[in-house]
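Asker: Okay, handing you the structure first.
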Amino acid sequence: MKRLISSLRSPWTWLSLAVLAVLAVFLVWPVLNILSASVLARNEDGHSGWRLLLSDPRYLRAIGNTLMLGAGVTVLAAGIGVPLAYLTARHRYPGKVLVSILPLITLVIPEVIGAQTWLMILGNNGVLTRALRDGLGLDIPSFYGWPGLLIVMTFTYYAYIYIGTLAAIRGFDSQLEEAAQSLGTSPSVSRLKVMAPVVMPAILASALLVFTMVVGNFATSMILGHEVELLSVLTYQASVSETGSDPVMQSTLATTSISLVMLALFLQRWIVSRGRYEITQGRGAPATPLRGPRALAMAGAALGVMALSMLPLGTLAAGAFTRANGPVMRWGEWTAAHLERVLISAPAPVLNSIVYAGVATLIAIAFSTLASYLIVKKRNLLTPWLDYLSSIPLALSGTVIGIGLLMTFGHGAFDLSGTAALIVLAYIVRRLPFGVRNASSTLFNLPDSIEEASVSLGVPPLASFLKVVLPLMAPAIAAAAVLTWTTTVSELSASVIVYSPGHETLPIQIFRLIDSGLMAQASAYGLVLITVILAPVLLATRIFKLRLFA
Amino acid sequence: MDIRIENLCISYHQQRVIDGLNLDIAPGSFFTLLGPSGCGKTTLLRTLAGFIPVESGRLLFGGKDVTRLPAHQRNIGMVFQDYALFPNRSVFDNAAYGLRARKIAPALIKQKVAAALERVGLAEYGKRLPAELSGGQRQRVALARALVIQPQVLLMDEPLSNLDAKLRIQVRQTIADLQREAGITTVFVTHDQEEALALSDQIAVMQKGRVAQLGTPRDVYGHPASGYVADFIGAANLLPVQCVAAASGTVRLDLDGYAIAAHAPAPLNGTAVLVARPEDIRLSASPGPGVPARILAEQYLGIKMNYRVQLPGGRLMNVDVHGGQASPLSRGMTVSLAFDPSKTLVLAS
């Protein structure tokens with residue numbers, strides 16, 4: 001009781017309560033709406049969503065397809081990401097500089113553009129498809145469906161496994177391998193027996209992350225899925241079908257998606273916690289040069305992966321300046337008309353994107369800095385809950401977040417429908433876990449004693465935070481802001497559900513143009529989108545010397 | 001400024017860390033809290049600073065109750081184990097931080113900071129950033145920063161433990177000089193007995209949130225109140241023995257069948273512990289009237305030799321022989337141990 005009273009005197013308790021309240025309204029409430037509607041809502045025949053889900057084979061097929069796609073993409077992405085990471089961590093070879101930078105860039109390319117550009121090459125009207133058909137009379141199988149889904153998603157997601165594995169191999173103390181060799185095992189056996197078990201949790205964790213992203217994937221599934229029924233596509237269609245939304249199925253499918261992702265995340269946590277040996281952060285092994293034909297083959301394969309990763313950018317740049325008759329690209333005939341349209345006659349999506357993403361980034365960063373400060377430095381009875389709640393969006397795909405916000409703020413007392421606020425809200429909610437995790441890790445590395453030193457010298461706690469802690473966090477906050485910006489500007493799956501006419505953002509506009517087959521115009525918007533994404537990154541790394549990918 | 005601690009209780013993570021502590025610290029004295037990790041010494045220091053709330057009891061600085069006063073209003077100087085310098089501020093700005101918070105005129109700040117940096121031997125380093133200094137220099141800056149505000153109390157939380165052996169002794173000297181000069185009441189936390197002995201006017205040896213013994217360095221080293229204190233300050237040999245004594249004074253007792261004399265500071269009634277420091281036991285090669293023992297191992301330590309010997313009953317003891325020059329004693333030899341009755345203690349266990 002005494003503790004409770006004394007904690008009520010502290011301003012931090014009240015701040016924690018306020019942050020908790022905001023999370024409850026904008027995050028917990030929408031999720032609860034989805035969960036409760038999935039159980040309680042009935043369609044006109046009085047059936048519940050779960051009954052419909054189990055009785056209609058379409059839905060069960062969609063769940064099966066989604067799981068299969070998730071597994072397939074995860075295996076393929078690991079097949080590329082793990083060897084590439086090992087090669088980069090342990091060896092020197094021609095072209096290595098490119099290989100070590102490019103996966104990071106693929107993370108920045110919006111997913112919708114990846115799907116679009118692969119279509120421009122291998123789709124029914126694709127440049128390669130047509131060249132093979134007209135030149136050699138070869139009919140390659142349709143890119144739509146499984147081939148397209150697997151290829152595009154693999155190249156979208158392998159970078160996550162590459163980065164996770166690379167960090168683990170670099171952090172692995174090579175003395176352990178030396179110890180194994182000194183005890184009489186050969187170098188390759190030592191790697192297998194000593195390094196593999198230590199690195200494996202990191203690989204599995206990043207693989208499961210990829211799996212959750214495939215389950216939640218919207219843009220590629222929607223653009224390339226066609227006859228392959230997928231959970232995210234059906235969920236989206238239930239929410240925004242032309243014949244009016246299906247409130248029963250949307251919440252049931254959204255709940256199914258949440259459950260699948262949660263399952264994968266719990267599995268991931270279990271693996272990570274099981275793999276927590278005490279690893280002394282040692283020196284990684286020095287990179288050795290690869291020589292001979294084997295080296296050439298490996299370097300060739302690595303550079304091939306890089307070339308395929310960069311394909312979207314090249315295609316996009318060419319497509320943006322290529323004349324088009326409706327959906328037919330006239331390759332080789334150049335024009336600046338598309339770009340002129342995007343920048344001069346119809347710039348609304350560009351401006352919308354910049355404003356919404358800008359506002360969302362500012363709010364998200366400020367909020368997550370405050371929340372992390374409370375979580376890490378001002379622990380009280382409430383702060384663990386801040387930590388749990390702010391990681392909820394990890395289990396929510398963009399589609400689910402969109403549906404939840406629309407169900408909660410699309411009508412009723414807090415009606416935000418028809419405003420851009422819903423889009424900004426969707427952006428903030430999606431990026432919250434990243435922001436909090438990022439700020440928390442910065443704060444963890446900042447010893448408490450610095451703040452206490454300031455207080456002991458006579459500066460009150462709040463002023464100490466502003467004068468001492470905040471300036472030290474500034475570089476990390478700026479880096480987080482830039483990364484939040486890059487992912488927010490390219491956000492599609494949540495905003496496409498909550499947007500209203502007049503509030504189209506660049507990804508939404510691109511998505512609609514792809515749907516209409518207008519690839520040249522989509523490319524022009526895409527080029528602008530990439531510029532908008534990369535400009536702050538270049539500014540931050542070149543001029544302000546921020547280390548974004550530390 | 002004297003410090004008075006009355007019936008202090010502190011809990012940390014729902015655990016009683018300090019339980020009903022009473023202490024008086026004389027004005028201008030150098031007071032050390034000594035103990036192993038987890039004994040509550042740092043908690044007590046941080047409570048004095050105002051970073052940990054008091055559960056019950058009172059804290060008085062110079063007669064004024066500061067129990068509920070927030071840390072930034074207590075006018076303390078604090079020195080941390082990890083220096084806690086502001087990494088983005090220069091040495092000068094670090095030292096000026098507290099004065100600026102007190103809204104002192106810039107000209108005066110410049111003068112005071114320059115004098116403080118001069119005093120710790122860092123007059124030339126004002127423009128440097130903390131990252132450009134060595135560990136010893138950083139802790140000197142932290143010391144200047146804490147002292148320049150002329151605090152009523154100086155609190156130091158293991159300020160030397162991040163420094164290597166040589167620097168530790170240098171900075172220790174600086175701390176001793178500055179404290180004596182400024183005459184500020186100082187509370188110093190350490191787990192290093194040598195530091196405590198070298199610096200303190202008073203030492204409180206702490207054990208599980210209580211003071212096991214309070215006294216001058218000579219008191220706690222020469223007259224340990226318990227086996228715990230004797231073992232913690234200087235590596236004493238502790239041997240359980242049987243001994244009865246009606247009053248304090250010299251007693252005779254039986255050590256593995258051999259009679260020896262020791263000093264009992266308090267009456268004893270049976271189970272007791274014999275406390276003998278390695279350097280207080282005399283070891284001779286010729287068989288004499290002492291307790292026979294066999295040398296199991298020897299270590300050459302420069303200024304002394306350390307022998308590990310086995311008593312007739314099988315128990316082990318450490319014995320130091322100063323000088324360390326070529327000695328006729330070696331492993332396997334049987335020697336005899338003589339105990340000085342004035343320096344060998346028997347304490348109730």
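Labels used: A, B, ... for chains in the order of the structure tokens, numbers from 1 for residues in each chain, and numbers from 1 for ligands as shown.
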Against chain A, which residues of chain B fall within 9 Å? For each one I want the closest pair of atoms and the distance in Å (one decimal), counting only C-alpha atoms, rows by chain and increasing residue number, as a Markdown table.

Answerer:
| residue | atom | partner | partner_atom | distance |
| --- | --- | --- | --- | --- |
| B:Ala49 | CA | A:Ser456 | CA | 7.2 |
| B:Gly50 | CA | A:Ser456 | CA | 8.6 |
| B:Phe51 | CA | A:Glu452 | CA | 7.8 |
| B:Glu55 | CA | A:Arg3 | CA | 8.9 |
| B:Pro70 | CA | A:Pro460 | CA | 8.4 |
| B:Ala71 | CA | A:Ser456 | CA | 6.1 |
| B:His72 | CA | A:Gly458 | CA | 4.1 |
| B:Gln73 | CA | A:Gly458 | CA | 6.0 |
| B:Arg74 | CA | A:Gly458 | CA | 7.8 |
| B:Asn75 | CA | A:Gly458 | CA | 6.7 |
| B:Ile76 | CA | A:Ser456 | CA | 6.0 |
| B:Gly77 | CA | A:Ser456 | CA | 6.3 |
| B:Met78 | CA | A:Ser456 | CA | 6.3 |
| B:Val79 | CA | A:Ala453 | CA | 7.8 |
| B:Phe80 | CA | A:Ser449 | CA | 6.9 |
| B:Gln81 | CA | A:Ser449 | CA | 8.7 |
| B:Asp82 | CA | A:Ser449 | CA | 7.7 |
| B:Tyr83 | CA | A:Ser449 | CA | 8.1 |
| B:Ala84 | CA | A:Ile450 | CA | 4.6 |
| B:Leu85 | CA | A:Ile450 | CA | 6.5 |
| B:Phe86 | CA | A:Ile450 | CA | 6.5 |
| B:Pro87 | CA | A:Leu472 | CA | 8.0 |
| B:Asn88 | CA | A:Leu472 | CA | 7.2 |
| B:Tyr97 | CA | A:Leu457 | CA | 7.3 |
| B:Gly98 | CA | A:Leu457 | CA | 4.6 |
| B:Leu99 | CA | A:Leu457 | CA | 8.1 |
| B:Ala101 | CA | A:Val459 | CA | 6.1 |
| B:Arg102 | CA | A:Gly458 | CA | 7.3 |
| B:Arg145 | CA | A:Leu457 | CA | 8.4 |
| B:Ala146 | CA | A:Leu457 | CA | 7.2 |
| B:Ile149 | CA | A:Leu457 | CA | 7.6 |
| B:Pro151 | CA | A:Leu457 | CA | 8.9 |

Asker: Write out as number ranges by chain which residues come within 8 Å of B:Leu45 when counting only C-alpha atoms, dropping same-chain ones fewer than 4 positions away.

Answerer: B: 41, 49, 155-157, 187, 189

Asker: Quick one: write out the picked residues with C-alpha atoms as a PDB file, in the first residue's frame?

Answerer:
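Saved as result.pdb:
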ATOM      1  CA  LYS B  41      27.009  -1.005   0.808  1.00  0.00           C
ATOM      2  CA  ALA B  49      22.502  10.237  -2.580  1.00  0.00           C
ATOM      3  CA  LEU B 155      29.858  10.071  -2.130  1.00  0.00           C
ATOM      4  CA  MET B 156      32.112   7.634  -3.977  1.00  0.00           C
ATOM      5  CA  ASP B 157      30.924   4.316  -5.371  1.00  0.00           C
ATOM      6  CA  VAL B 187      31.451   8.237   2.199  1.00  0.00           C
ATOM      7  CA  VAL B 189      32.229   2.354  -0.965  1.00  0.00           C
TER       8      VAL B 189
END

Asker: Just the alpha helix (DSSP H) stuff from stretch 17-204 of chain B, please, per backbone DSSP, written as number ranges by chain.

Answerer: B: 41-49, 91-101, 106-119, 135-147, 165-182, 193-199

Asker: In stretch 48-246 of chain B, what's strand (DSSP E) per DSSP? Answer as a ChimeraX atom specification?

Answerer: /B:56-61,64-65,76-79,153-157,185-190,202-207,210-215,237-245

Asker: As a PyMOL selection string, please: the residues near stretch 6-20 of chain B (cut-off 8 Å, only C-alpha atoms, same-chain neighbours under 6 positions excluded).

Answerer: chain B and resi 39-40+43-44+53-59+208-210

Asker: Please provide the set of residues having any atom within 6 Å of B:Thr344, restricted to only C-alpha atoms, with same-chain residues fewer than 2 positions apart removed, written as JSON, numbers by chain.

Answerer: {"B": [262, 275, 276, 340, 341, 342]}

Asker: What lies within 12 Å of B:Lys64 using only C-alpha atoms, ignoring chain neighbours under 5 positions off, as a ChimeraX atom specification?

Answerer: /B:1-5,58-59,69,74,152

Asker: As a PyMOL selection string, please: the residues near stretch 120-136 of chain B (cut-off 6 Å, only C-alpha atoms, same-chain neighbours under 3 positions excluded).

Answerer: chain B and resi 87+90-92+117+139-140

Asker: So that I can see what lies close to stretch 422-435 of chain A, please list as a compact mmCIF listing (two decimals) with N, CA and C atoms, in the first residue's frame the residues with an atom at most 9 Å from it, counting only C-alpha atoms and leaving out residues fewer than 4 positions away in the same chain.

Answerer:
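The resulting file, part04.txt, is shown below:
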# COMPACT_ATOMS: atom_id res chain seq x y z
N PHE A 26 -5.52 2.59 -29.16
CA PHE A 26 -5.19 2.48 -30.59
C PHE A 26 -4.66 1.11 -31.00
N LEU A 27 -4.36 0.27 -30.02
CA LEU A 27 -3.79 -1.02 -30.38
C LEU A 27 -4.62 -2.18 -29.82
N TYR A 356 1.97 12.12 -44.95
CA TYR A 356 1.51 11.09 -44.00
C TYR A 356 2.69 10.38 -43.35
N ALA A 357 3.65 9.98 -44.18
CA ALA A 357 4.79 9.24 -43.63
C ALA A 357 5.62 10.14 -42.72
N VAL A 359 4.53 12.75 -40.88
CA VAL A 359 3.83 12.90 -39.60
C VAL A 359 3.93 11.62 -38.79
N ALA A 360 3.68 10.48 -39.46
CA ALA A 360 3.72 9.20 -38.74
C ALA A 360 5.10 8.93 -38.16
N THR A 361 6.15 9.24 -38.91
CA THR A 361 7.51 9.00 -38.42
C THR A 361 7.77 9.83 -37.17
N ILE A 363 5.62 11.12 -35.01
CA ILE A 363 4.85 10.66 -33.85
C ILE A 363 5.40 9.33 -33.35
N ALA A 364 5.66 8.41 -34.29
CA ALA A 364 6.12 7.08 -33.89
C ALA A 364 7.44 7.17 -33.12
N ILE A 365 8.35 8.00 -33.59
CA ILE A 365 9.66 8.09 -32.94
C ILE A 365 9.54 8.73 -31.56
N PHE A 367 6.89 8.83 -29.65
CA PHE A 367 6.17 7.93 -28.75
C PHE A 367 7.06 6.76 -28.32
N SER A 368 7.78 6.17 -29.27
CA SER A 368 8.57 5.00 -28.88
C SER A 368 9.77 5.39 -28.03
N THR A 369 10.30 6.61 -28.21
CA THR A 369 11.38 7.06 -27.34
C THR A 369 10.88 7.19 -25.90
N SER A 372 10.13 3.67 -24.50
CA SER A 372 11.35 2.92 -24.18
C SER A 372 12.04 3.48 -22.95
N SER A 390 3.51 -3.02 -26.70
CA SER A 390 4.08 -2.41 -27.89
C SER A 390 4.66 -3.45 -28.84
N SER A 391 4.75 -4.72 -28.41
CA SER A 391 5.23 -5.72 -29.36
C SER A 391 4.07 -6.48 -30.02
N ILE A 392 2.83 -6.16 -29.65
CA ILE A 392 1.68 -6.82 -30.28
C ILE A 392 1.72 -6.73 -31.81
N PRO A 393 2.02 -5.54 -32.39
CA PRO A 393 1.96 -5.45 -33.86
C PRO A 393 2.86 -6.45 -34.57
N LEU A 394 3.84 -7.03 -33.87
CA LEU A 394 4.66 -8.06 -34.51
C LEU A 394 3.80 -9.22 -35.00
N LEU A 396 0.72 -8.92 -36.01
CA LEU A 396 -0.35 -8.44 -36.87
C LEU A 396 0.20 -8.11 -38.25
N SER A 397 -0.38 -8.72 -39.28
CA SER A 397 0.00 -8.31 -40.63
C SER A 397 -0.62 -6.95 -40.90
N GLY A 398 -0.11 -6.27 -41.93
CA GLY A 398 -0.66 -4.96 -42.28
C GLY A 398 -2.16 -5.04 -42.53
N ILE A 401 -4.00 -5.11 -39.26
CA ILE A 401 -4.00 -3.78 -38.62
C ILE A 401 -5.02 -2.88 -39.29
N GLY A 402 -5.04 -2.90 -40.63
CA GLY A 402 -6.01 -2.09 -41.36
C GLY A 402 -7.43 -2.43 -40.98
N LEU A 405 -8.28 -1.26 -37.36
CA LEU A 405 -8.48 0.19 -37.25
C LEU A 405 -9.80 0.60 -37.89
N LEU A 406 -10.12 -0.02 -39.02
CA LEU A 406 -11.37 0.33 -39.71
C LEU A 406 -12.58 -0.09 -38.88
N PHE A 409 -12.32 2.56 -35.74
CA PHE A 409 -12.39 4.00 -35.96
C PHE A 409 -13.07 4.35 -37.29
N GLY A 410 -13.76 3.39 -37.90
CA GLY A 410 -14.44 3.66 -39.16
C GLY A 410 -15.86 4.15 -38.97
N LEU A 416 -13.15 8.17 -37.64
CA LEU A 416 -12.08 8.84 -38.37
C LEU A 416 -12.16 8.50 -39.86
N SER A 417 -13.25 7.82 -40.27
CA SER A 417 -13.33 7.38 -41.67
C SER A 417 -13.32 8.59 -42.59
N GLY A 418 -12.70 8.42 -43.74
CA GLY A 418 -12.63 9.51 -44.70
C GLY A 418 -11.52 10.50 -44.40
N ALA A 439 14.91 2.08 -29.73
CA ALA A 439 15.21 3.04 -28.68
C ALA A 439 15.62 2.32 -27.40
N SER A 440 14.98 1.17 -27.11
CA SER A 440 15.33 0.44 -25.89
C SER A 440 16.78 -0.02 -25.92
N ILE A 477 18.24 7.98 -32.41
CA ILE A 477 16.87 8.36 -32.74
C ILE A 477 16.79 8.79 -34.20
N ALA A 480 16.88 5.76 -36.35
CA ALA A 480 15.60 5.05 -36.30
C ALA A 480 14.55 5.80 -37.11
N ALA A 481 14.60 7.13 -37.07
CA ALA A 481 13.63 7.92 -37.82
C ALA A 481 13.79 7.67 -39.31
N THR A 484 12.48 4.22 -40.06
CA THR A 484 11.03 4.22 -39.97
C THR A 484 10.43 4.86 -41.21
N THR A 487 10.44 2.49 -44.33
CA THR A 487 9.44 1.44 -44.34
C THR A 487 8.03 2.00 -44.35
N THR A 488 7.86 3.20 -43.78
CA THR A 488 6.52 3.79 -43.73
C THR A 488 6.09 4.30 -45.10
N VAL A 489 6.99 4.95 -45.80
CA VAL A 489 6.64 5.46 -47.12
C VAL A 489 6.20 4.33 -48.04
N GLU A 491 4.72 1.54 -47.11
CA GLU A 491 3.67 0.71 -46.51
C GLU A 491 2.46 0.64 -47.44
N ALA A 494 -1.69 -2.15 -44.92
CA ALA A 494 -2.65 -1.57 -43.97
C ALA A 494 -3.32 -0.35 -44.58
N SER A 495 -2.52 0.51 -45.23
CA SER A 495 -3.09 1.76 -45.74
C SER A 495 -4.08 1.50 -46.86
N VAL A 496 -3.88 0.42 -47.65
CA VAL A 496 -4.79 0.17 -48.77
C VAL A 496 -6.19 -0.18 -48.25
N ILE A 497 -6.26 -0.63 -47.01
CA ILE A 497 -7.59 -0.96 -46.44
C ILE A 497 -8.26 0.28 -45.85
N VAL A 498 -7.48 1.16 -45.25
CA VAL A 498 -8.11 2.27 -44.51
C VAL A 498 -8.20 3.56 -45.33
N TYR A 499 -7.56 3.62 -46.50
CA TYR A 499 -7.55 4.91 -47.21
C TYR A 499 -8.91 5.19 -47.82
N HIS A 503 -6.95 10.33 -50.77
CA HIS A 503 -5.83 10.12 -49.85
C HIS A 503 -4.88 9.04 -50.34

Asker: As an exercise, work out the distance from atom CA of A:Leu32 to atom CA of A:Thr252 in Å and give it to one decimal place.

Answerer: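 Atom CA of A:Thr252 lies 12.3 Å from atom CA of A:Leu32.
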